[in-house]
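Colleague: Structure file model.txt, compact mmCIF, C-alpha atoms, is pasted below:
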# COMPACT_ATOMS: atom_id res chain seq x y z
CA MET B 281 -4.83 -6.56 -8.56
CA LYS B 282 -3.34 -3.05 -8.51
CA LYS B 283 -5.95 -1.76 -6.02
CA ILE B 284 -5.78 -4.98 -4.04
CA PHE B 285 -2.20 -4.50 -3.39
CA PHE B 286 -1.97 -0.85 -2.82
CA VAL B 287 -4.70 -1.05 -0.24
CA LEU B 288 -2.28 -3.02 1.88
CA ILE B 289 0.72 -0.80 1.79
CA SER B 290 -1.26 2.03 3.31
CA LEU B 291 0.78 2.64 6.44
CA PHE B 292 3.25 5.20 5.16
CA PRO B 293 1.77 8.74 5.03
CA LEU B 294 0.49 11.40 7.38
CA VAL B 295 -1.99 10.57 10.12
CA PHE B 296 -4.90 12.86 10.99
CA VAL B 297 -6.48 12.67 14.44
CA SER B 298 -10.18 11.85 14.74
CA ALA B 299 -12.21 12.28 17.91
CA ASP B 300 -13.97 8.98 17.16
CA ASN B 301 -10.76 6.98 17.24
CA ASN B 302 -9.71 4.83 20.15
CA PRO B 303 -6.77 6.79 21.68
CA GLU B 304 -4.55 3.72 22.14
CA ALA B 305 -5.23 2.46 18.61
CA GLU B 306 -4.54 5.90 17.21
CA LYS B 307 -1.28 6.08 19.15
CA ILE B 308 -0.15 2.74 17.70
CA VAL B 309 -0.87 3.83 14.12
CA LYS B 310 0.97 7.12 14.62
CA LYS B 311 4.02 5.27 15.99
CA VAL B 312 4.16 2.96 12.99
CA VAL B 313 3.80 5.82 10.51
CA SER B 314 6.39 7.94 12.33
CA ASN B 315 8.83 5.05 12.33
CA LEU B 316 8.39 4.43 8.60
CA LYS B 317 8.89 8.10 7.77
CA LYS B 318 12.32 8.22 9.40
CA SER B 319 14.08 6.93 6.28
CA ALA B 320 13.57 5.33 2.88
CA TYR B 321 12.67 1.64 2.86
CA GLN B 322 12.64 -1.43 0.69
CA CYS B 323 9.97 -4.00 1.40
CA SER B 324 9.40 -7.52 0.13
CA PHE B 325 5.78 -8.59 0.36
CA SER B 326 3.23 -11.21 -0.54
CA VAL B 327 -0.45 -10.74 -1.31
CA ILE B 328 -2.99 -13.52 -0.83
CA TYR B 329 -6.56 -13.29 -2.15
CA GLN B 330 -8.87 -15.84 -0.57
CA ASP B 331 -12.03 -16.45 -2.63
CA GLU B 332 -14.57 -17.78 -0.14
CA ASN B 333 -17.23 -18.76 -2.70
CA ASN B 334 -14.92 -20.78 -4.94
CA LYS B 335 -12.61 -21.88 -2.14
CA ALA B 336 -9.69 -20.64 -4.25
CA THR B 337 -6.55 -18.72 -3.37
CA GLN B 338 -4.45 -16.36 -5.50
CA ASN B 339 -0.89 -15.51 -4.50
CA LYS B 340 1.28 -12.60 -5.65
CA SER B 341 4.66 -11.33 -4.48
CA GLY B 342 6.70 -8.25 -5.19
CA VAL B 343 9.01 -5.49 -4.01
CA LEU B 344 8.25 -1.92 -2.95
CA GLN B 345 10.87 0.83 -2.67
CA LEU B 346 9.63 3.96 -0.95
CA ASN B 347 11.13 7.36 -0.23
CA ASN B 348 8.50 9.76 1.07
CA LYS B 349 6.10 10.30 -1.87
CA GLU B 350 8.45 8.69 -4.38
CA PHE B 351 8.09 4.97 -4.97
CA ARG B 352 9.00 2.05 -7.21
CA LEU B 353 6.77 -1.00 -7.24
CA VAL B 354 7.39 -4.32 -8.99
CA ILE B 355 4.78 -7.08 -9.09
CA ASP B 356 4.77 -9.80 -11.74
CA ASP B 357 5.78 -8.17 -15.04
CA VAL B 358 4.54 -4.68 -14.15
CA GLU B 359 6.87 -1.99 -12.80
CA THR B 360 5.55 1.35 -11.53
CA LYS B 361 7.71 4.38 -10.81
CA TYR B 362 6.68 7.76 -9.41
CA ASP B 363 9.07 10.68 -8.80
CA GLY B 364 6.61 12.97 -7.02
CA LYS B 365 5.18 14.41 -10.25
CA THR B 366 5.39 11.92 -13.11
CA GLN B 367 4.31 8.30 -13.02
CA TRP B 368 5.52 5.52 -15.34
CA VAL B 369 3.77 2.14 -15.50
CA TYR B 370 5.79 -0.36 -17.53
CA SER B 371 4.41 -3.69 -18.79
CA ALA B 372 7.15 -6.15 -19.74
CA GLU B 373 4.64 -8.35 -21.55
CA ASN B 374 3.76 -5.56 -24.00
CA ASN B 375 7.04 -3.64 -23.72
CA GLU B 376 4.91 -0.57 -23.16
CA VAL B 377 5.14 2.29 -20.68
CA THR B 378 2.21 4.54 -19.78
CA ILE B 379 3.23 8.02 -18.62
CA SER B 380 0.96 10.31 -16.59
CA GLU B 381 0.92 13.07 -14.00
CA PRO B 382 -1.70 11.77 -11.55
CA THR B 383 -3.66 14.02 -9.22
CA ASN B 384 -3.71 13.45 -5.48
CA ASP B 385 -7.12 11.83 -5.81
CA GLU B 386 -5.84 9.46 -8.48
CA LEU B 387 -2.82 8.62 -6.34
CA LYS B 388 -5.18 7.53 -3.58
CA ASP B 389 -5.42 4.16 -5.32
CA LEU B 390 -1.76 4.02 -6.34
CA ASN B 391 0.49 5.73 -3.82
CA PRO B 392 0.72 4.62 -0.17
CA MET B 393 1.59 8.16 0.87
CA PHE B 394 -1.92 9.29 -0.08
CA MET B 395 -3.77 6.10 0.81
CA ILE B 396 -3.42 6.35 4.61
CA ASP B 397 -4.51 9.98 4.51
CA TYR B 398 -7.74 8.85 2.87
CA TYR B 399 -8.34 5.92 5.20
CA VAL B 400 -7.70 7.81 8.43
CA LYS B 401 -10.01 10.61 7.35
CA THR B 402 -12.79 8.26 6.33
CA HIS B 403 -12.45 5.43 8.86
CA ARG B 404 -12.76 4.88 12.59
CA ILE B 405 -9.71 3.37 14.29
CA SER B 406 -10.08 0.90 17.16
CA LEU B 407 -8.17 -1.83 18.97
CA ASP B 408 -9.02 -5.39 17.98
CA ASP B 409 -10.45 -7.51 20.80
CA ASN B 410 -7.88 -10.22 20.09
CA GLN B 411 -4.47 -8.70 20.69
CA GLU B 412 -1.36 -10.79 20.02
CA LYS B 413 1.66 -11.33 22.24
CA SER B 414 4.16 -9.94 19.76
CA CYS B 415 1.89 -7.63 17.73
CA ASP B 416 -0.54 -4.77 18.22
CA VAL B 417 -3.76 -5.33 16.26
CA VAL B 418 -5.74 -2.29 15.04
CA ASN B 419 -8.96 -2.16 13.00
CA PHE B 420 -10.20 0.46 10.52
CA PHE B 421 -13.97 0.70 9.96
CA PRO B 422 -15.39 2.87 7.13
CA LEU B 423 -17.44 5.77 8.50
CA ASN B 424 -19.66 5.64 5.43
CA PRO B 425 -19.94 1.94 4.47
CA LYS B 426 -22.36 2.53 1.59
CA GLY B 427 -20.80 1.32 -1.64
CA VAL B 428 -17.68 -0.01 0.11
CA GLU B 429 -16.85 -3.63 -0.70
CA TYR B 430 -15.18 -4.30 2.66
CA PHE B 431 -16.38 -3.82 6.22
CA LYS B 432 -13.06 -3.81 8.06
CA ILE B 433 -9.30 -3.48 7.56
CA THR B 434 -7.01 -5.03 10.18
CA ILE B 435 -3.39 -3.95 10.61
CA LYS B 436 -0.86 -5.86 12.70
CA SER B 437 2.43 -4.26 13.74
CA TYR B 438 5.32 -5.63 15.79
CA LYS B 439 5.46 -4.31 19.36
CA SER B 440 9.26 -4.59 19.38
CA ASN B 441 9.98 -2.13 16.56
CA CYS B 442 6.61 -0.62 15.51
CA MET B 443 6.97 -2.00 12.00
CA PRO B 444 4.00 -3.44 10.07
CA LYS B 445 3.60 -7.21 9.79
CA GLN B 446 0.26 -7.85 8.12
CA LEU B 447 -2.82 -6.14 6.71
CA ILE B 448 -6.14 -7.92 6.15
CA VAL B 449 -9.05 -6.53 4.11
CA TRP B 450 -12.31 -8.19 5.13
CA GLN B 451 -14.69 -8.20 2.15
CA ARG B 452 -18.47 -8.18 2.63
CA ASN B 453 -18.82 -11.26 0.40
CA GLY B 454 -16.58 -13.30 2.73
CA ASP B 455 -13.39 -12.97 0.67
CA LYS B 456 -10.16 -11.79 2.30
CA ILE B 457 -7.13 -9.93 0.98
CA ILE B 458 -4.04 -10.59 3.11
CA PHE B 459 -0.88 -8.54 2.71
CA ASN B 460 2.27 -9.79 4.44
CA TRP B 461 5.40 -7.72 4.86
CA GLU B 462 8.17 -10.26 4.49
CA LYS B 463 11.05 -7.86 5.08
CA ILE B 464 11.39 -4.10 5.57
CA GLU B 465 14.88 -2.61 5.42
CA PRO B 466 16.09 1.00 5.52
CA ARG B 467 17.77 1.90 2.23
CA VAL B 468 19.38 4.86 0.48
CA PHE B 469 18.02 5.37 -3.03
CA ASP B 470 19.36 7.38 -5.92
CA LYS B 471 16.79 9.66 -7.57
CA SER B 472 17.05 7.55 -10.72
CA THR B 473 15.35 4.69 -8.82
CA PHE B 474 12.02 6.45 -9.21
CA VAL B 475 12.43 7.66 -12.81
CA PHE B 476 11.84 5.58 -15.94
CA ASN B 477 14.95 5.47 -18.14
CA LYS B 478 13.85 4.76 -21.70
CA ALA B 479 17.40 3.76 -22.70
CA GLU B 480 17.13 0.68 -20.47
CA TYR B 481 14.07 -0.59 -22.38
CA PRO B 482 14.92 -1.05 -26.10
CA ASN B 483 12.05 -0.38 -28.54
CA VAL B 484 9.64 0.38 -25.70
CA TYR B 485 6.30 1.86 -26.80
CA GLU B 486 5.42 5.10 -24.99
CA ASN B 487 1.80 5.86 -24.18
CA ASP B 488 2.06 9.45 -22.99
CA MET B 489 -1.14 10.53 -21.22
CA ARG B 490 0.15 13.89 -19.98
Just give me the structure of the file as structure tokens.

Modeller:
Amino acid sequence: MKKIFFVLISLFPLVFVSADNNPEAEKIVKKVVSNLKKSAYQCSFSVIYQDENNKATQNKSGVLQLNNKEFRLVIDDVETKYDGKTQWVYSAENNEVTISEPTNDELKDLNPMFMIDYYVKTHRISLDDNQEKSCDVVNFFPLNPKGVEYFKITIKSYKSNCMPKQLIVWQRNGDKIIFNWEKIEPRVFDKSTFVFNKAEYPNVYENDMR
């Protein structure tokens, strides 16, 4: 579920221009990213996984706090914090925290600031044929689809404020992953928001991978 849900929050980092991109679609993505980079944000979200074969649906919800490359993510009983160098992943069920210093490549699957960099470099951006009255709809197609489980990622953003509304990952097996931004609000965060404080977790077991 970790990859499922970080794939969706991929609208926060730098955008790189590609000659293969549709200019209007590229402009929309750059506006959204620029808007999100203006300040720190807190976002409530829901993630829906639609299993086409079994006709089943899984639902998750959580909160993301983001300040540039720093972030705090809470989903179910797992809390992840990253201060720009060190990452803490805390499991309430096991009362265990795993500590690491991930590389940029490793953060590609964990940190939204690195995720969009990867997707823009490796995907073609185009406008969806079915635009909405209140939202711009942009598609990402992998330039090298070999070994990729999805064939398209769709991002919807509000025309009124250039903020993201929804992201859909279209899987090749017919399944869909739908990420909905319920609420995005500018916030001011203390540095401690993105650092794990052991004193707040009595008897926590530390798994230090550094």

Colleague: Check the smallest atom-to-atom distance from each of B:Tyr321, B:Phe351, B:Trp368, B:Phe459 to Ile435 of chain B using all atoms listed in the file, then report the winner.

Modeller: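 Under the stated criterion, the closest residue is B:Phe459.
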
Colleague: Determine, counting all atoms listed in the file, which protein, DNA and RNA residues have an atom within 6 Å of an atom of segment 442-447 of chain B; residues of the same chain fewer than 5 positions away are not included. Present the result as a list in words.

Modeller: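 Within the cut-off, the hits are Leu288, Val312, Thr434, Ile435, Lys436, Ser437, Ile458, Phe459, Asn460 and Trp461 of chain B.
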
Colleague: Measuring atom to atom with all atoms listed in the file, identify which of B:Asn301, B:Asn453, B:Ser472, B:Asn333 is nearest to Leu423 of chain B.

Modeller: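 Of the candidates, the smallest distance to Leu423 of chain B is held by B:Asn301.
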
Colleague: Using all atoms listed in the file, collect all residues at a distance of at most 6 Å from (7.6, -6.7, -0.7) as written in the file, then present them as a count of residues only.

Modeller: 6

Colleague: I'd like to know which of B:Ser326, B:Asn424, B:Ser314, B:Asn302 is closest to Asp408 of chain B, using only C-alpha atoms.

Modeller: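 With only C-alpha atoms as the atom set, the closest residue is B:Asn302.
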
Colleague: Using only C-alpha atoms, which of B:Glu332, B:Asp357, B:Glu465, B:Glu381 sits nearest Met489 of chain B?

Modeller: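 Among B:Glu332, B:Asp357, B:Glu465, B:Glu381, it is B:Glu381 that comes nearest to Met489 of chain B.
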
Colleague: For atom CA of Glu376 of chain B and atom CA of Tyr481 of chain B, quote the distance in Å rounded to one decimal.

Modeller: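 Result for atom CA of Glu376 of chain B versus atom CA of Tyr481 of chain B: 9.2 Å, one decimal.
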
Colleague: Please provide the set of residues having any atom within 12 Å of Val484 of chain B, restricted to all atoms listed in the file, with same-chain residues fewer than 4 positions apart removed, written as a list in words.

Modeller: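 Final neighbour list, sorted by chain and number: Val369, Tyr370, Ser371, Ala372, Glu373, Asn374, Asn375, Glu376, Val377, Thr378, Phe476, Asn477, Lys478, Ala479 and Glu480 of chain B.
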
Colleague: From the options B:Ile379, B:Leu346, B:Ala336, B:Val417, which residue's atoms come nearest to Asp488 of chain B, counting only C-alpha atoms?

Modeller: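 Under the stated criterion, the closest residue is B:Ile379.
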